[in-house]
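Novice: Quick one, coords_11.pdb (PDB, C-alpha atoms, pLDDT in the B column):
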```
ATOM      1  CA  MET A 117       0.000   0.000   0.000  1.00 87.00           C
ATOM      2  CA  ILE A 118       1.371   3.401  -1.015  1.00 96.00           C
ATOM      3  CA  LYS A 119       1.704   5.659   2.041  1.00 96.00           C
ATOM      4  CA  HIS A 120       4.141   8.379   0.961  1.00 98.00           C
ATOM      5  CA  HIS A 121       3.026  10.875  -1.661  1.00 98.00           C
ATOM      6  CA  PRO A 122       4.004  14.266  -3.109  1.00 98.00           C
ATOM      7  CA  SER A 123       2.387  17.173  -1.284  1.00 97.00           C
ATOM      8  CA  GLU A 124      -0.868  18.542  -2.670  1.00 96.00           C
ATOM      9  CA  SER A 125       0.923  21.783  -3.540  1.00 96.00           C
ATOM     10  CA  ALA A 126       3.482  19.782  -5.532  1.00 97.00           C
ATOM     11  CA  LEU A 127       0.710  17.909  -7.361  1.00 96.00           C
ATOM     12  CA  ARG A 128      -1.014  21.178  -8.232  1.00 94.00           C
ATOM     13  CA  SER A 129       2.279  22.689  -9.431  1.00 95.00           C
ATOM     14  CA  PHE A 130       2.797  19.550 -11.518  1.00 94.00           C
ATOM     15  CA  VAL A 131      -0.565  20.078 -13.217  1.00 90.00           C
ATOM     16  CA  GLU A 132       0.226  23.784 -13.724  1.00 88.00           C
ATOM     17  CA  GLY A 133       3.536  22.895 -15.369  1.00 88.00           C
ATOM     18  CA  ALA A 134       5.404  24.887 -12.722  1.00 93.00           C
ATOM     19  CA  LEU A 135       7.861  22.197 -11.573  1.00 94.00           C
ATOM     20  CA  PRO A 136      11.417  21.502 -12.769  1.00 92.00           C
ATOM     21  CA  SER A 137      11.274  18.799 -15.430  1.00 91.00           C
ATOM     22  CA  THR A 138      13.070  16.206 -13.288  1.00 91.00           C
ATOM     23  CA  LYS A 139      10.626  16.530 -10.399  1.00 94.00           C
ATOM     24  CA  ALA A 140       7.712  16.500 -12.823  1.00 94.00           C
ATOM     25  CA  ILE A 141       8.976  13.236 -14.304  1.00 94.00           C
ATOM     26  CA  LEU A 142       9.168  11.530 -10.931  1.00 96.00           C
ATOM     27  CA  ILE A 143       5.748  12.798  -9.834  1.00 96.00           C
ATOM     28  CA  SER A 144       4.319  11.603 -13.137  1.00 94.00           C
ATOM     29  CA  ALA A 145       5.863   8.163 -12.526  1.00 96.00           C
ATOM     30  CA  HIS A 146       4.388   8.144  -9.023  1.00 97.00           C
ATOM     31  CA  CYS A 147       0.951   8.925 -10.475  1.00 95.00           C
ATOM     32  CA  ASP A 148       1.411   5.970 -12.835  1.00 95.00           C
ATOM     33  CA  MET A 149       1.549   3.811  -9.713  1.00 96.00           C
ATOM     34  CA  CYS A 150      -0.802   5.708  -7.383  1.00 97.00           C
ATOM     35  CA  PRO A 151      -4.530   5.984  -8.205  1.00 96.00           C
ATOM     36  CA  THR A 152      -5.013   8.443  -5.327  1.00 97.00           C
ATOM     37  CA  CYS A 153      -2.573  11.016  -6.677  1.00 96.00           C
ATOM     38  CA  LEU A 154      -3.734  10.445 -10.248  1.00 93.00           C
ATOM     39  CA  SER A 155      -7.277  11.293  -9.138  1.00 92.00           C
ATOM     40  CA  LYS A 156      -6.021  14.440  -7.392  1.00 94.00           C
ATOM     41  CA  THR A 157      -4.217  15.638 -10.526  1.00 92.00           C
ATOM     42  CA  ARG A 158      -7.438  15.208 -12.501  1.00 87.00           C
ATOM     43  CA  SER A 159      -9.325  17.251  -9.908  1.00 88.00           C
ATOM     44  CA  PHE A 160      -6.684  19.974 -10.048  1.00 89.00           C
ATOM     45  CA  THR A 161      -6.873  19.929 -13.849  1.00 84.00           C
ATOM     46  CA  GLU A 162     -10.628  20.525 -13.699  1.00 79.00           C
ATOM     47  CA  SER A 163     -10.240  23.283 -11.105  1.00 80.00           C
ATOM     48  CA  ILE A 164      -7.558  25.075 -13.126  1.00 77.00           C
ATOM     49  CA  ALA A 165      -9.601  24.755 -16.316  1.00 71.00           C
ATOM     50  CA  VAL A 166     -12.629  26.356 -14.658  1.00 71.00           C
ATOM     51  CA  ASP A 167     -10.467  29.149 -13.190  1.00 72.00           C
ATOM     52  CA  MET A 168      -9.047  29.891 -16.628  1.00 68.00           C
ATOM     53  CA  PHE A 169     -12.316  29.531 -18.518  1.00 64.00           C
ATOM     54  CA  PRO A 170     -15.270  30.210 -16.181  1.00 67.00           C
ATOM     55  CA  ASP A 171     -17.787  29.435 -18.935  1.00 64.00           C
ATOM     56  CA  LEU A 172     -16.704  25.780 -18.784  1.00 60.00           C
ATOM     57  CA  ARG A 173     -18.625  25.497 -15.522  1.00 62.00           C
ATOM     58  CA  GLN A 174     -21.822  25.815 -17.558  1.00 64.00           C
ATOM     59  CA  ASN A 175     -20.777  23.251 -20.145  1.00 64.00           C
ATOM     60  CA  PRO A 176     -19.659  19.923 -18.614  1.00 66.00           C
ATOM     61  CA  THR A 177     -19.180  18.335 -22.049  1.00 70.00           C
ATOM     62  CA  ILE A 178     -16.586  20.890 -23.121  1.00 63.00           C
ATOM     63  CA  LEU A 179     -14.962  20.687 -19.685  1.00 60.00           C
ATOM     64  CA  ARG A 180     -14.540  16.917 -20.054  1.00 67.00           C
ATOM     65  CA  GLU A 181     -13.098  17.431 -23.539  1.00 69.00           C
ATOM     66  CA  TYR A 182     -10.636  19.989 -22.155  1.00 63.00           C
ATOM     67  CA  ILE A 183      -9.499  17.611 -19.406  1.00 64.00           C
ATOM     68  CA  SER A 184      -9.155  14.787 -21.922  1.00 69.00           C
ATOM     69  CA  MET A 185      -7.060  17.034 -24.178  1.00 65.00           C
ATOM     70  CA  PHE A 186      -4.854  18.120 -21.275  1.00 61.00           C
ATOM     71  CA  GLU A 187      -4.248  14.541 -20.159  1.00 62.00           C
ATOM     72  CA  SER A 188      -3.404  13.430 -23.692  1.00 63.00           C
ATOM     73  CA  ILE A 189      -0.823  16.227 -23.907  1.00 55.00           C
ATOM     74  CA  THR A 190       0.770  15.485 -20.532  1.00 55.00           C
ATOM     75  CA  ASN A 191       0.865  11.774 -21.368  1.00 54.00           C
ATOM     76  CA  ASP A 192       2.396  12.340 -24.809  1.00 49.00           C
ATOM     77  CA  SER A 193       5.592  10.267 -24.824  1.00 43.00           C
ATOM     78  CA  THR A 194       7.334  12.459 -27.380  1.00 42.00           C
ATOM     79  CA  LEU A 195       7.191  15.498 -25.094  1.00 41.00           C
ATOM     80  CA  LEU A 196       9.394  13.795 -22.512  1.00 43.00           C
ATOM     81  CA  ASN A 197      11.524  11.794 -24.904  1.00 42.00           C
ATOM     82  CA  PRO A 198      11.274  12.518 -28.647  1.00 38.00           C
ATOM     83  CA  SER A 199      13.087   9.278 -29.488  1.00 39.00           C
ATOM     84  CA  TYR A 200      10.570   7.180 -27.563  1.00 38.00           C
ATOM     85  CA  SER A 201       9.040   4.265 -29.413  1.00 37.00           C
ATOM     86  CA  GLN A 202       5.861   2.510 -28.287  1.00 40.00           C
ATOM     87  CA  THR A 203       7.674  -0.779 -28.922  1.00 41.00           C
ATOM     88  CA  LEU A 204      10.248  -0.155 -26.203  1.00 48.00           C
ATOM     89  CA  ASP A 205      10.291  -2.774 -23.472  1.00 54.00           C
ATOM     90  CA  THR A 206       8.941  -1.517 -20.150  1.00 82.00           C
ATOM     91  CA  ARG A 207      11.057  -3.919 -18.124  1.00 84.00           C
ATOM     92  CA  ILE A 208      14.616  -3.818 -16.900  1.00 86.00           C
ATOM     93  CA  THR A 209      16.570  -6.905 -15.934  1.00 85.00           C
ATOM     94  CA  LEU A 210      19.181  -7.324 -13.213  1.00 84.00           C
ATOM     95  CA  ASP A 211      20.705 -10.564 -11.986  1.00 75.00           C
ATOM     96  CA  GLY A 212      17.952 -12.627 -13.560  1.00 80.00           C
ATOM     97  CA  ARG A 213      15.115 -10.544 -12.087  1.00 84.00           C
ATOM     98  CA  GLU A 214      12.742  -8.467 -14.174  1.00 88.00           C
ATOM     99  CA  PHE A 215      11.203  -5.207 -13.004  1.00 92.00           C
ATOM    100  CA  VAL A 216       8.283  -3.448 -14.703  1.00 92.00           C
ATOM    101  CA  LEU A 217       8.813   0.299 -15.088  1.00 94.00           C
ATOM    102  CA  PRO A 218       6.039   2.876 -14.687  1.00 94.00           C
ATOM    103  CA  ALA A 219       4.969   4.219 -18.076  1.00 92.00           C
ATOM    104  CA  THR A 220       6.665   7.585 -17.529  1.00 93.00           C
ATOM    105  CA  LEU A 221      10.045   5.969 -16.819  1.00 94.00           C
ATOM    106  CA  ALA A 222       9.615   3.443 -19.635  1.00 92.00           C
ATOM    107  CA  ARG A 223       9.889   6.386 -22.017  1.00 89.00           C
ATOM    108  CA  PHE A 224      13.538   6.671 -21.015  1.00 91.00           C
ATOM    109  CA  ALA A 225      14.345   2.971 -21.398  1.00 88.00           C
ATOM    110  CA  ASP A 226      16.768   3.622 -24.233  1.00 87.00           C
ATOM    111  CA  ARG A 227      18.689   6.110 -22.072  1.00 91.00           C
ATOM    112  CA  ILE A 228      19.499   3.720 -19.231  1.00 92.00           C
ATOM    113  CA  GLY A 229      23.219   2.978 -18.923  1.00 90.00           C
ATOM    114  CA  GLU A 230      24.946  -0.249 -17.966  1.00 90.00           C
ATOM    115  CA  TRP A 231      24.515  -1.632 -14.467  1.00 92.00           C
ATOM    116  CA  SER A 232      27.565  -1.166 -12.247  1.00 90.00           C
ATOM    117  CA  HIS A 233      28.434  -2.623  -8.870  1.00 86.00           C
ATOM    118  CA  LEU A 234      28.702   0.080  -6.209  1.00 79.00           C
ATOM    119  CA  ALA A 235      29.684  -1.750  -3.028  1.00 74.00           C
ATOM    120  CA  GLY A 236      28.481  -4.754  -1.098  1.00 77.00           C
ATOM    121  CA  LYS A 237      25.078  -5.659  -2.475  1.00 87.00           C
ATOM    122  CA  LEU A 238      24.366  -2.343  -4.199  1.00 88.00           C
ATOM    123  CA  TRP A 239      24.028  -1.834  -7.960  1.00 91.00           C
ATOM    124  CA  HIS A 240      23.220   1.245  -9.987  1.00 91.00           C
ATOM    125  CA  ALA A 241      22.562   2.389 -13.541  1.00 93.00           C
ATOM    126  CA  SER A 242      22.354   6.016 -14.607  1.00 92.00           C
ATOM    127  CA  VAL A 243      19.574   7.283 -16.858  1.00 92.00           C
ATOM    128  CA  ASN A 244      19.891  10.421 -18.963  1.00 90.00           C
ATOM    129  CA  ILE A 245      16.836  12.593 -18.352  1.00 87.00           C
ATOM    130  CA  GLY A 246      18.490  15.987 -18.894  1.00 80.00           C
ATOM    131  CA  GLY A 247      17.611  18.975 -16.758  1.00 78.00           C
ATOM    132  CA  GLY A 248      20.973  19.141 -14.989  1.00 81.00           C
ATOM    133  CA  SER A 249      20.050  16.465 -12.438  1.00 86.00           C
ATOM    134  CA  LEU A 250      21.568  13.060 -11.810  1.00 89.00           C
ATOM    135  CA  ALA A 251      19.024  10.278 -12.237  1.00 93.00           C
ATOM    136  CA  GLN A 252      19.838   6.669 -11.516  1.00 94.00           C
ATOM    137  CA  PHE A 253      18.281   3.358 -10.709  1.00 96.00           C
ATOM    138  CA  ILE A 254      19.623   1.795  -7.529  1.00 93.00           C
ATOM    139  CA  TYR A 255      19.091  -1.826  -6.591  1.00 94.00           C
ATOM    140  CA  MET A 256      19.596  -2.873  -2.971  1.00 92.00           C
ATOM    141  CA  ASP A 257      19.849  -6.629  -2.589  1.00 92.00           C
ATOM    142  CA  ARG A 258      18.638  -8.250   0.615  1.00 89.00           C
ATOM    143  CA  GLY A 259      20.735  -6.986   3.518  1.00 86.00           C
ATOM    144  CA  ALA A 260      22.172  -4.066   1.555  1.00 88.00           C
ATOM    145  CA  SER A 261      22.238  -0.460   2.699  1.00 85.00           C
ATOM    146  CA  VAL A 262      23.315   2.829   1.152  1.00 86.00           C
ATOM    147  CA  PRO A 263      26.055   4.334   3.369  1.00 81.00           C
ATOM    148  CA  GLU A 264      24.914   7.116   5.678  1.00 83.00           C
ATOM    149  CA  HIS A 265      24.781  10.420   3.826  1.00 86.00           C
ATOM    150  CA  THR A 266      23.224  13.839   3.684  1.00 86.00           C
ATOM    151  CA  HIS A 267      22.506  16.092   0.723  1.00 82.00           C
ATOM    152  CA  LYS A 268      23.910  19.297  -0.664  1.00 82.00           C
ATOM    153  CA  GLY A 269      20.628  19.802  -2.504  1.00 86.00           C
ATOM    154  CA  ASN A 270      17.451  17.802  -3.027  1.00 91.00           C
ATOM    155  CA  GLU A 271      17.007  14.063  -3.386  1.00 93.00           C
ATOM    156  CA  LEU A 272      13.840  12.569  -4.878  1.00 96.00           C
ATOM    157  CA  THR A 273      13.204   8.832  -4.691  1.00 97.00           C
ATOM    158  CA  LEU A 274      10.480   6.597  -6.081  1.00 98.00           C
ATOM    159  CA  VAL A 275      10.269   2.957  -5.039  1.00 97.00           C
ATOM    160  CA  ILE A 276       9.767   0.849  -8.173  1.00 96.00           C
ATOM    161  CA  ASN A 277       9.688  -2.598  -6.612  1.00 95.00           C
ATOM    162  CA  GLY A 278      10.230  -4.036  -3.130  1.00 94.00           C
ATOM    163  CA  LYS A 279      10.689  -2.141   0.103  1.00 94.00           C
ATOM    164  CA  PHE A 280      13.326  -0.690   2.402  1.00 94.00           C
ATOM    165  CA  THR A 281      13.558   0.974   5.790  1.00 92.00           C
ATOM    166  CA  ASP A 282      15.018   4.377   6.553  1.00 92.00           C
ATOM    167  CA  GLY A 283      14.890   6.364   9.776  1.00 84.00           C
ATOM    168  CA  GLY A 284      12.305   4.077  11.315  1.00 86.00           C
ATOM    169  CA  LYS A 285       9.984   4.282   8.302  1.00 91.00           C
ATOM    170  CA  CYS A 286       9.205   1.559   5.776  1.00 94.00           C
ATOM    171  CA  TYR A 287       8.905   2.492   2.105  1.00 96.00           C
ATOM    172  CA  GLU A 288       7.234   0.235  -0.452  1.00 96.00           C
ATOM    173  CA  SER A 289       6.472   0.104  -4.164  1.00 96.00           C
ATOM    174  CA  GLY A 290       5.040   3.420  -5.365  1.00 97.00           C
ATOM    175  CA  ASP A 291       6.180   5.485  -2.378  1.00 98.00           C
ATOM    176  CA  PHE A 292       7.554   8.946  -3.187  1.00 98.00           C
ATOM    177  CA  ILE A 293      10.253  10.414  -0.917  1.00 96.00           C
ATOM    178  CA  GLU A 294      11.647  13.949  -0.982  1.00 95.00           C
ATOM    179  CA  LEU A 295      14.676  14.847   1.153  1.00 92.00           C
ATOM    180  CA  ASN A 296      17.053  17.831   1.387  1.00 88.00           C
ATOM    181  CA  GLN A 297      20.040  19.228   3.293  1.00 82.00           C
ATOM    182  CA  GLN A 298      18.244  18.781   6.618  1.00 85.00           C
ATOM    183  CA  HIS A 299      18.195  14.993   6.333  1.00 86.00           C
ATOM    184  CA  THR A 300      20.906  12.448   7.136  1.00 88.00           C
ATOM    185  CA  HIS A 301      19.891   8.875   6.483  1.00 86.00           C
ATOM    186  CA  MET A 302      20.890   5.318   5.549  1.00 88.00           C
ATOM    187  CA  PRO A 303      18.346   3.376   3.432  1.00 91.00           C
ATOM    188  CA  THR A 304      18.453  -0.362   4.165  1.00 91.00           C
ATOM    189  CA  ALA A 305      16.841  -3.375   2.492  1.00 91.00           C
ATOM    190  CA  GLU A 306      17.617  -5.676   5.404  1.00 75.00           C
ATOM    191  CA  ASN A 307      15.064  -8.458   5.979  1.00 70.00           C
ATOM    192  CA  TYR A 308      13.482  -7.811   2.579  1.00 73.00           C
ATOM    193  CA  GLU A 309      13.893  -9.473  -0.814  1.00 80.00           C
ATOM    194  CA  GLY A 310      15.734  -6.577  -2.383  1.00 86.00           C
ATOM    195  CA  CYS A 311      14.468  -3.213  -3.590  1.00 93.00           C
ATOM    196  CA  LEU A 312      14.671  -1.198  -6.820  1.00 95.00           C
ATOM    197  CA  VAL A 313      14.343   2.592  -6.649  1.00 96.00           C
ATOM    198  CA  VAL A 314      14.946   5.509  -8.973  1.00 97.00           C
ATOM    199  CA  THR A 315      16.553   8.616  -7.488  1.00 95.00           C
ATOM    200  CA  MET A 316      17.141  12.130  -8.754  1.00 94.00           C
ATOM    201  CA  LEU A 317      19.715  14.543  -7.328  1.00 90.00           C
ATOM    202  CA  ASP A 318      20.302  18.197  -8.139  1.00 88.00           C
ATOM    203  CA  MET A 319      23.554  18.199  -6.117  1.00 85.00           C
ATOM    204  CA  PRO A 320      26.013  15.437  -5.121  1.00 81.00           C
ATOM    205  CA  LEU A 321      25.480  13.262  -2.060  1.00 76.00           C
ATOM    206  CA  HIS A 322      27.751  13.865   0.923  1.00 80.00           C
ATOM    207  CA  PHE A 323      28.665  10.710   2.860  1.00 77.00           C
ATOM    208  CA  THR A 324      28.961  11.269   6.591  1.00 79.00           C
ATOM    209  CA  SER A 325      30.461   8.186   8.237  1.00 76.00           C
ATOM    210  CA  GLY A 326      32.998   5.389   7.887  1.00 74.00           C
ATOM    211  CA  TRP A 327      34.919   4.501   4.758  1.00 68.00           C
ATOM    212  CA  ALA A 328      32.269   6.120   2.534  1.00 69.00           C
ATOM    213  CA  MET A 329      33.547   9.583   3.542  1.00 72.00           C
ATOM    214  CA  LEU A 330      36.655   8.824   1.482  1.00 69.00           C
ATOM    215  CA  ILE A 331      34.642   8.732  -1.736  1.00 65.00           C
ATOM    216  CA  ASN A 332      33.049  12.179  -1.389  1.00 64.00           C
ATOM    217  CA  PRO A 333      35.453  13.665  -3.983  1.00 68.00           C
ATOM    218  CA  LEU A 334      34.508  10.843  -6.373  1.00 71.00           C
ATOM    219  CA  SER A 335      30.833  11.460  -5.678  1.00 69.00           C
ATOM    220  CA  GLN A 336      31.230  15.073  -6.751  1.00 72.00           C
ATOM    221  CA  LEU A 337      33.171  14.089  -9.856  1.00 66.00           C
ATOM    222  CA  TYR A 338      30.602  11.433 -10.803  1.00 65.00           C
ATOM    223  CA  PHE A 339      27.830  14.009 -10.493  1.00 63.00           C
ATOM    224  CA  LYS A 340      29.661  16.497 -12.726  1.00 70.00           C
ATOM    225  CA  VAL A 341      30.484  13.924 -15.399  1.00 64.00           C
ATOM    226  CA  ASN A 342      26.931  12.620 -15.574  1.00 74.00           C
ATOM    227  CA  THR A 343      25.157  15.969 -15.522  1.00 72.00           C
ATOM    228  CA  ASN A 344      27.655  18.106 -17.457  1.00 67.00           C
ATOM    229  CA  ASN A 345      27.612  20.589 -14.552  1.00 56.00           C
TER
END
```
Would you mind writing the file out in structure tokens?
Specialist:
Amino acid sequence: MIKHHPSESALRSFVEGALPSTKAILISAHCDMCPTCLSKTRSFTESIAVDMFPDLRQNPTILREYISMFESITNDSTLLNPSYSQTLDTRITLDGREFVLPATLARFADRIGEWSHLAGKLWHASVNIGGGSLAQFIYMDRGASVPEHTHKGNELTLVINGKFTDGGKCYESGDFIELNQQHTHMPTAENYEGCLVVTMLDMPLHFTSGWAMLINPLSQLYFKVNTNN
């Protein structure tokens, strides 16, 4: 059951087209998985349409047509990825396991890089979404944890499959998490059968304990190379 969602203000900004593209992509992917938030975006779409065109309130048929048009535009694959093909596979494979991607992320399937081993039971693959942010899939095998870290900017995470714990909370498929410089944490897939997430960063991570602190310079370099910043 999905328990962690974008704020209502973020959902409204998403509908208004007022969010950075990277955050909009992840919220769109969350809505692919979350009927509750999808319903809210439709309500916001109707509200905004009526605010812009008050006469629509008197003509429900035209209002429905407007909402249908808006949704077809926001769901147009070519707007997010002009090279997208409807024949692209919506699954990614790692270590013999297949994971189904939300429709929004499937549009970037041809931009996913090779899987690389990070450390322990962690794997990652970058995905080129543009926008100056670092986007990557991270797979935590059972018992794996991402070393304790904080953020120099914002970190957005969407759970694609499985679940993990972090700071006493449990996150499962479809959950949306937004963290910033005020958070220090260590996601862990202990006691679970692995977990696949997609994360987006607008600044490098900063590791805060143990051996991982030694790779902070590499973390900054990796961010620059993969975002052209």
Novice: Could you pull out every residue with an atom within 12 Å of (9.5, 13.6, -4.7), file coordinates, counting only C-alpha atoms, and send them as a ChimeraX atom specification?
Specialist: /A:120-127,130,135-136,138-147,270-275,290-296,314-317
Novice: Once the PyMOL selection byres ((chain A and resi 323) around 6) is applied to the coordinates I shared, what remains selected? I want it as a PyMOL selection string.
Specialist: chain A and resi 264-265+322+324+328-329
Novice: Emit the selected residues as a PDB file, in the coordinates of the input, including C-alpha atoms.
Specialist:
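Final file, selection25.pdb:
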```
ATOM      1  CA  GLU A 264      24.914   7.116   5.678  1.00 83.00           C
ATOM      2  CA  HIS A 265      24.781  10.420   3.826  1.00 86.00           C
ATOM      3  CA  HIS A 322      27.751  13.865   0.923  1.00 80.00           C
ATOM      4  CA  THR A 324      28.961  11.269   6.591  1.00 79.00           C
ATOM      5  CA  ALA A 328      32.269   6.120   2.534  1.00 69.00           C
ATOM      6  CA  MET A 329      33.547   9.583   3.542  1.00 72.00           C
TER       7      MET A 329
END
```
Novice: Rounded to one decimal, what separation in Å do you get between atom CA of A:Gly246 and atom CA of A:Asp226?
Specialist: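 Going from atom CA of A:Gly246 over to atom CA of A:Asp226, I get 13.6 Å.
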Novice: Nearest residue to A:His267 out of A:Thr177, A:Ser242, A:Gln297, A:Asn307, using all atoms listed in the file?
Specialist: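 So, comparing all the options, the nearest one is A:Gln297.
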Novice: Evaluating the PyMOL selection byres ((chain A and resi 217) around 10) on the displayed file yields which residues, as an NGL selection string?
Specialist: :A and (145 or 148-149 or 205-208 or 214-216 or 218-225 or 276-277)
Novice: Which centre and edge lengths in Å to one decimal define the box along x, y and z that fits every listed atom of stretch 242-253 of chain A plus 6 Å per side, as JSON?
Specialist:
```
{"center_x": 19.6, "center_y": 11.2, "center_z": -14.8, "size_x": 17.5, "size_y": 27.8, "size_z": 20.3}
```
Novice: Atom CA of A:Ala260 and atom CA of A:Arg213 are how many Å apart?
Specialist: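 Pair atom CA of A:Ala260 / atom CA of A:Arg213 returns 16.7 Å.
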Novice: If you measure from atom CA of A:Lys237 to atom CA of A:Val262, what distance in Å do you get, rounded to one decimal?
Specialist: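 One can read the atom CA of A:Lys237 to atom CA of A:Val262 distance as 9.4 Å.
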Novice: Using only C-alpha atoms, determine which residues lie at most 9 Å from A:Asp257, disregarding the query and same-chain residues fewer than 2 positions distant; provide the list as a PyMOL selection string.
Specialist: chain A and resi 236-239+255+259-261+305-306+308-312
Novice: A:Met319, A:Ala235, A:Ala241, A:Leu334: which is nearest A:Thr209, counting all atoms listed in the file?
Specialist: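 Closest to A:Thr209 of all the choices is A:Ala241.
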Novice: Which of these, A:Gly269, A:Ser289, A:Thr343, A:Gln336, has the shortest distance to A:Asn244 once you count all atoms listed in the file?
Specialist: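 Counting all atoms listed in the file, the residue closest to A:Asn244 is A:Thr343.
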